[in-house]
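Below is target-v9.txt, holding compact mmCIF, all heavy atoms.
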```txt
# COMPACT_ATOMS: atom_id res chain seq x y z
N MET A 1 79.49 140.32 73.79
CA MET A 1 80.41 141.42 73.91
C MET A 1 81.26 141.51 72.65
O MET A 1 81.60 140.52 72.04
CB MET A 1 81.36 141.21 75.08
CG MET A 1 80.74 141.36 76.40
SD MET A 1 82.07 141.36 77.61
CE MET A 1 81.13 141.35 79.05
N SER A 2 81.65 142.73 72.35
CA SER A 2 82.52 142.92 71.19
C SER A 2 83.97 142.94 71.65
O SER A 2 84.29 143.47 72.70
CB SER A 2 82.17 144.21 70.46
OG SER A 2 82.44 145.31 71.30
N ASP A 3 84.82 142.35 70.84
CA ASP A 3 86.25 142.33 71.17
C ASP A 3 86.88 143.66 70.79
O ASP A 3 86.76 144.12 69.67
CB ASP A 3 86.96 141.21 70.42
CG ASP A 3 86.53 139.84 70.91
OD1 ASP A 3 86.20 139.71 72.10
OD2 ASP A 3 86.53 138.89 70.09
N ALA A 4 87.55 144.26 71.75
CA ALA A 4 88.25 145.52 71.48
C ALA A 4 89.59 145.18 70.84
O ALA A 4 90.38 144.42 71.39
CB ALA A 4 88.46 146.30 72.77
N GLN A 5 89.83 145.74 69.67
CA GLN A 5 91.07 145.46 68.97
C GLN A 5 91.95 146.71 68.96
O GLN A 5 91.47 147.81 68.74
CB GLN A 5 90.80 145.03 67.53
CG GLN A 5 90.13 143.68 67.44
CD GLN A 5 89.96 143.24 66.00
OE1 GLN A 5 90.14 144.01 65.08
NE2 GLN A 5 89.60 141.99 65.83
N ILE A 6 93.19 146.51 69.19
CA ILE A 6 94.15 147.59 69.13
C ILE A 6 95.00 147.36 67.89
O ILE A 6 95.62 146.31 67.74
CB ILE A 6 95.05 147.62 70.38
CG1 ILE A 6 94.21 147.86 71.63
CG2 ILE A 6 96.12 148.68 70.26
CD1 ILE A 6 94.99 147.78 72.92
N GLY A 7 95.04 148.36 67.03
CA GLY A 7 95.82 148.25 65.81
C GLY A 7 97.31 148.37 66.09
O GLY A 7 97.75 148.85 67.13
N ARG A 8 98.09 147.91 65.13
CA ARG A 8 99.55 147.96 65.28
C ARG A 8 100.04 149.39 65.40
O ARG A 8 100.92 149.70 66.19
CB ARG A 8 100.19 147.28 64.07
CG ARG A 8 101.68 147.24 64.13
CD ARG A 8 102.27 146.45 63.00
NE ARG A 8 101.68 146.84 61.73
CZ ARG A 8 101.97 146.30 60.56
NH1 ARG A 8 102.85 145.34 60.51
NH2 ARG A 8 101.40 146.71 59.46
N ARG A 9 99.46 150.28 64.62
CA ARG A 9 99.89 151.69 64.67
C ARG A 9 99.58 152.32 66.02
O ARG A 9 100.39 153.07 66.57
CB ARG A 9 99.21 152.50 63.57
CG ARG A 9 99.73 152.16 62.20
CD ARG A 9 99.07 153.01 61.15
NE ARG A 9 99.55 152.64 59.83
CZ ARG A 9 99.04 153.10 58.72
NH1 ARG A 9 98.03 153.96 58.75
NH2 ARG A 9 99.52 152.73 57.56
N ALA A 10 98.41 152.02 66.57
CA ALA A 10 98.04 152.57 67.87
C ALA A 10 98.95 152.02 68.96
O ALA A 10 99.36 152.75 69.88
CB ALA A 10 96.59 152.25 68.19
N LEU A 11 99.31 150.75 68.85
CA LEU A 11 100.19 150.15 69.83
C LEU A 11 101.59 150.79 69.78
O LEU A 11 102.16 151.13 70.80
CB LEU A 11 100.30 148.64 69.58
CG LEU A 11 101.18 147.87 70.54
CD1 LEU A 11 100.58 147.87 71.93
CD2 LEU A 11 101.37 146.45 70.05
N LEU A 12 102.10 150.97 68.56
CA LEU A 12 103.42 151.58 68.42
C LEU A 12 103.42 153.03 68.86
O LEU A 12 104.39 153.52 69.46
CB LEU A 12 103.90 151.47 66.97
CG LEU A 12 104.25 150.06 66.51
CD1 LEU A 12 104.57 150.04 65.03
CD2 LEU A 12 105.40 149.51 67.31
N ARG A 13 102.34 153.76 68.58
CA ARG A 13 102.24 155.15 69.00
C ARG A 13 102.22 155.24 70.52
O ARG A 13 102.86 156.10 71.11
CB ARG A 13 100.97 155.78 68.41
CG ARG A 13 100.91 157.27 68.56
CD ARG A 13 99.65 157.86 67.94
NE ARG A 13 99.52 157.48 66.54
CZ ARG A 13 98.39 156.99 66.01
NH1 ARG A 13 97.32 156.84 66.75
NH2 ARG A 13 98.34 156.67 64.74
N GLY A 14 101.49 154.35 71.16
CA GLY A 14 101.43 154.33 72.62
C GLY A 14 102.77 153.98 73.24
O GLY A 14 103.20 154.58 74.22
N ALA A 15 103.46 153.00 72.64
CA ALA A 15 104.77 152.61 73.16
C ALA A 15 105.77 153.75 72.98
O ALA A 15 106.62 153.98 73.85
CB ALA A 15 105.26 151.35 72.44
N GLY A 16 105.70 154.47 71.86
CA GLY A 16 106.58 155.61 71.63
C GLY A 16 106.31 156.72 72.63
O GLY A 16 107.24 157.37 73.11
N GLY A 17 105.07 156.95 72.93
CA GLY A 17 104.71 157.97 73.91
C GLY A 17 105.22 157.62 75.30
O GLY A 17 105.72 158.48 76.02
N LEU A 18 105.11 156.34 75.67
CA LEU A 18 105.62 155.92 76.97
C LEU A 18 107.14 156.03 77.03
O LEU A 18 107.70 156.43 78.06
CB LEU A 18 105.19 154.48 77.26
CG LEU A 18 103.71 154.29 77.60
CD1 LEU A 18 103.40 152.81 77.75
CD2 LEU A 18 103.35 155.04 78.86
N ALA A 19 107.81 155.72 75.94
CA ALA A 19 109.27 155.83 75.91
C ALA A 19 109.69 157.29 76.03
O ALA A 19 110.67 157.61 76.71
CB ALA A 19 109.81 155.22 74.63
N ALA A 20 108.96 158.19 75.39
CA ALA A 20 109.28 159.61 75.47
C ALA A 20 109.08 160.12 76.90
O ALA A 20 109.89 160.90 77.41
CB ALA A 20 108.41 160.40 74.49
N LEU A 21 108.02 159.67 77.55
CA LEU A 21 107.78 160.09 78.94
C LEU A 21 108.87 159.55 79.86
O LEU A 21 109.27 160.23 80.81
CB LEU A 21 106.40 159.61 79.41
CG LEU A 21 105.22 160.38 78.85
CD1 LEU A 21 103.91 159.74 79.31
CD2 LEU A 21 105.26 161.83 79.29
N ALA A 22 109.33 158.34 79.59
CA ALA A 22 110.37 157.76 80.43
C ALA A 22 111.70 158.49 80.24
O ALA A 22 112.52 158.54 81.15
CB ALA A 22 110.54 156.28 80.10
N ALA A 23 111.92 159.08 79.05
CA ALA A 23 113.19 159.75 78.77
C ALA A 23 113.21 161.19 79.29
O ALA A 23 114.29 161.78 79.39
CB ALA A 23 113.45 159.74 77.26
N LEU A 24 112.07 161.76 79.59
CA LEU A 24 112.02 163.16 80.03
C LEU A 24 112.90 163.47 81.25
O LEU A 24 113.62 164.47 81.23
CB LEU A 24 110.58 163.58 80.30
CG LEU A 24 109.77 163.97 79.07
CD1 LEU A 24 108.34 164.32 79.48
CD2 LEU A 24 110.40 165.12 78.33
N PRO A 25 112.87 162.68 82.30
CA PRO A 25 113.71 163.02 83.46
C PRO A 25 115.20 163.05 83.13
O PRO A 25 115.92 163.92 83.62
CB PRO A 25 113.41 161.92 84.47
CG PRO A 25 112.06 161.41 84.09
CD PRO A 25 111.98 161.55 82.60
N SER A 26 115.66 162.14 82.29
CA SER A 26 117.08 162.13 81.98
C SER A 26 117.45 163.30 81.08
O SER A 26 118.54 163.85 81.17
CB SER A 26 117.49 160.81 81.33
OG SER A 26 116.81 160.63 80.11
N LEU A 27 116.54 163.70 80.20
CA LEU A 27 116.81 164.85 79.35
C LEU A 27 116.80 166.14 80.15
O LEU A 27 117.60 167.04 79.89
CB LEU A 27 115.78 164.94 78.22
CG LEU A 27 115.89 163.86 77.14
CD1 LEU A 27 114.74 164.00 76.15
CD2 LEU A 27 117.21 163.93 76.43
N ALA A 28 115.93 166.22 81.13
CA ALA A 28 115.87 167.41 81.97
C ALA A 28 117.12 167.53 82.85
O ALA A 28 117.56 168.62 83.16
CB ALA A 28 114.61 167.38 82.84
N ALA A 29 117.70 166.39 83.21
CA ALA A 29 118.89 166.41 84.05
C ALA A 29 120.12 166.90 83.28
O ALA A 29 121.08 167.36 83.87
CB ALA A 29 119.16 165.01 84.61
N CYS A 30 120.08 166.80 81.96
CA CYS A 30 121.23 167.23 81.15
C CYS A 30 121.41 168.74 81.20
O CYS A 30 122.53 169.23 81.18
CB CYS A 30 121.05 166.81 79.69
SG CYS A 30 121.17 165.03 79.46
N GLY A 31 120.35 169.48 81.26
CA GLY A 31 120.43 170.93 81.29
C GLY A 31 120.84 171.50 79.95
O GLY A 31 120.90 170.82 78.94
N THR A 32 121.17 172.78 79.93
CA THR A 32 121.54 173.43 78.68
C THR A 32 123.04 173.57 78.52
O THR A 32 123.52 173.90 77.46
CB THR A 32 120.91 174.83 78.61
OG1 THR A 32 121.41 175.60 79.71
CG2 THR A 32 119.40 174.77 78.67
N GLY A 33 123.79 173.35 79.57
CA GLY A 33 125.24 173.46 79.51
C GLY A 33 125.74 174.88 79.74
O GLY A 33 126.93 175.13 79.75
N THR A 34 124.83 175.83 79.95
CA THR A 34 125.24 177.21 80.17
C THR A 34 125.60 177.47 81.63
O THR A 34 126.15 178.50 81.94
CB THR A 34 124.14 178.19 79.74
OG1 THR A 34 122.97 177.89 80.48
CG2 THR A 34 123.89 178.08 78.26
N SER A 35 125.28 176.52 82.51
CA SER A 35 125.54 176.73 83.92
C SER A 35 126.99 176.46 84.30
O SER A 35 127.41 176.78 85.39
CB SER A 35 124.62 175.85 84.76
OG SER A 35 124.89 174.49 84.49
N ARG A 36 127.76 175.84 83.39
CA ARG A 36 129.16 175.54 83.70
C ARG A 36 130.01 176.79 83.61
O ARG A 36 129.93 177.54 82.65
CB ARG A 36 129.68 174.49 82.74
CG ARG A 36 129.03 173.16 82.95
CD ARG A 36 129.72 172.13 82.12
NE ARG A 36 129.05 170.86 82.32
CZ ARG A 36 128.92 169.96 81.39
NH1 ARG A 36 129.41 170.18 80.19
NH2 ARG A 36 128.31 168.83 81.63
N ALA A 37 130.84 176.97 84.58
CA ALA A 37 131.74 178.13 84.58
C ALA A 37 132.95 177.84 83.70
O ALA A 37 133.45 176.73 83.67
CB ALA A 37 132.19 178.44 86.00
N SER A 38 133.41 178.84 83.02
CA SER A 38 134.59 178.71 82.18
C SER A 38 135.82 178.63 83.06
O SER A 38 136.01 179.44 83.97
CB SER A 38 134.69 179.91 81.25
OG SER A 38 135.91 179.91 80.58
N SER A 39 136.69 177.64 82.79
CA SER A 39 137.89 177.50 83.62
C SER A 39 138.94 178.53 83.24
O SER A 39 139.75 178.91 84.07
CB SER A 39 138.45 176.08 83.49
OG SER A 39 138.84 175.84 82.15
N GLY A 40 138.96 178.94 81.98
CA GLY A 40 139.89 179.97 81.55
C GLY A 40 141.30 179.48 81.32
O GLY A 40 142.06 180.11 80.62
N GLY A 41 141.67 178.34 81.89
CA GLY A 41 143.05 177.88 81.75
C GLY A 41 143.20 176.70 80.80
O GLY A 41 144.27 176.15 80.68
N GLY A 42 142.14 176.33 80.13
CA GLY A 42 142.22 175.17 79.25
C GLY A 42 142.84 175.46 77.91
O GLY A 42 142.98 176.60 77.51
N LYS A 43 143.28 174.41 77.22
CA LYS A 43 143.84 174.57 75.88
C LYS A 43 142.74 174.99 74.92
O LYS A 43 141.77 174.27 74.76
CB LYS A 43 144.39 173.25 75.37
CG LYS A 43 145.66 172.80 75.99
CD LYS A 43 146.10 171.57 75.22
CE LYS A 43 147.15 170.78 75.93
NZ LYS A 43 147.43 169.54 75.24
N GLY A 44 142.83 176.06 74.29
CA GLY A 44 141.85 176.47 73.28
C GLY A 44 140.58 177.05 73.86
O GLY A 44 139.90 177.79 73.20
N GLY A 45 140.20 176.68 75.06
CA GLY A 45 139.01 177.23 75.69
C GLY A 45 137.72 176.91 74.98
O GLY A 45 136.73 177.60 75.14
N GLY A 46 137.69 175.84 74.18
CA GLY A 46 136.49 175.49 73.43
C GLY A 46 135.53 174.63 74.24
O GLY A 46 135.68 174.47 75.45
N LYS A 47 134.57 174.08 73.57
CA LYS A 47 133.59 173.23 74.22
C LYS A 47 134.21 171.87 74.49
O LYS A 47 135.08 171.42 73.78
CB LYS A 47 132.37 173.06 73.31
CG LYS A 47 131.65 174.36 73.05
CD LYS A 47 130.46 174.12 72.16
CE LYS A 47 129.77 175.43 71.86
NZ LYS A 47 128.66 175.26 70.93
N THR A 48 133.72 171.20 75.53
CA THR A 48 134.20 169.87 75.86
C THR A 48 133.08 168.88 75.66
O THR A 48 131.91 169.18 75.88
CB THR A 48 134.70 169.79 77.31
OG1 THR A 48 133.62 170.16 78.17
CG2 THR A 48 135.87 170.69 77.56
N VAL A 49 133.45 167.68 75.24
CA VAL A 49 132.49 166.58 75.09
C VAL A 49 132.89 165.50 76.06
O VAL A 49 134.00 165.01 76.05
CB VAL A 49 132.51 166.03 73.64
CG1 VAL A 49 131.56 164.85 73.50
CG2 VAL A 49 132.17 167.13 72.66
N VAL A 50 131.95 165.11 76.93
CA VAL A 50 132.20 164.07 77.91
C VAL A 50 131.34 162.89 77.56
O VAL A 50 130.13 163.01 77.41
CB VAL A 50 131.87 164.57 79.35
CG1 VAL A 50 132.12 163.47 80.36
CG2 VAL A 50 132.68 165.80 79.66
N VAL A 51 131.98 161.74 77.40
CA VAL A 51 131.23 160.52 77.03
C VAL A 51 131.29 159.55 78.19
O VAL A 51 132.32 159.32 78.75
CB VAL A 51 131.84 159.87 75.78
CG1 VAL A 51 131.07 158.61 75.41
CG2 VAL A 51 131.83 160.85 74.63
```

For this file, produce the structure as structure tokens.
Amino acid sequence: MSDAQIGRRALLRGAGGLAALAALPSLAACGTGTSRASSGGGKGGGKTVVV
């Protein structure tokens, strides 16, 4: 039998693809931010950053 070898580049590409697939649900949960209603009473009325 011949030994199947996986190159370093192929391994890294596969790992990157799996990481991207794992991140999709969390990115989809973020949304676009357009669904938030404007409060109208805030200082400056600009965008907010929540960490």

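Across the model, the gap from atom N of Ala22 in chain A to atom C of Arg9 in chain A is 17.8 Å.
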
Query - d(atom O of Val50 in chain A, CD2 of Leu27 in chain A) in Å - result: 13.0 Å

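CG of Leu24 in chain A lies 19.2 Å from CA of Leu11 in chain A.
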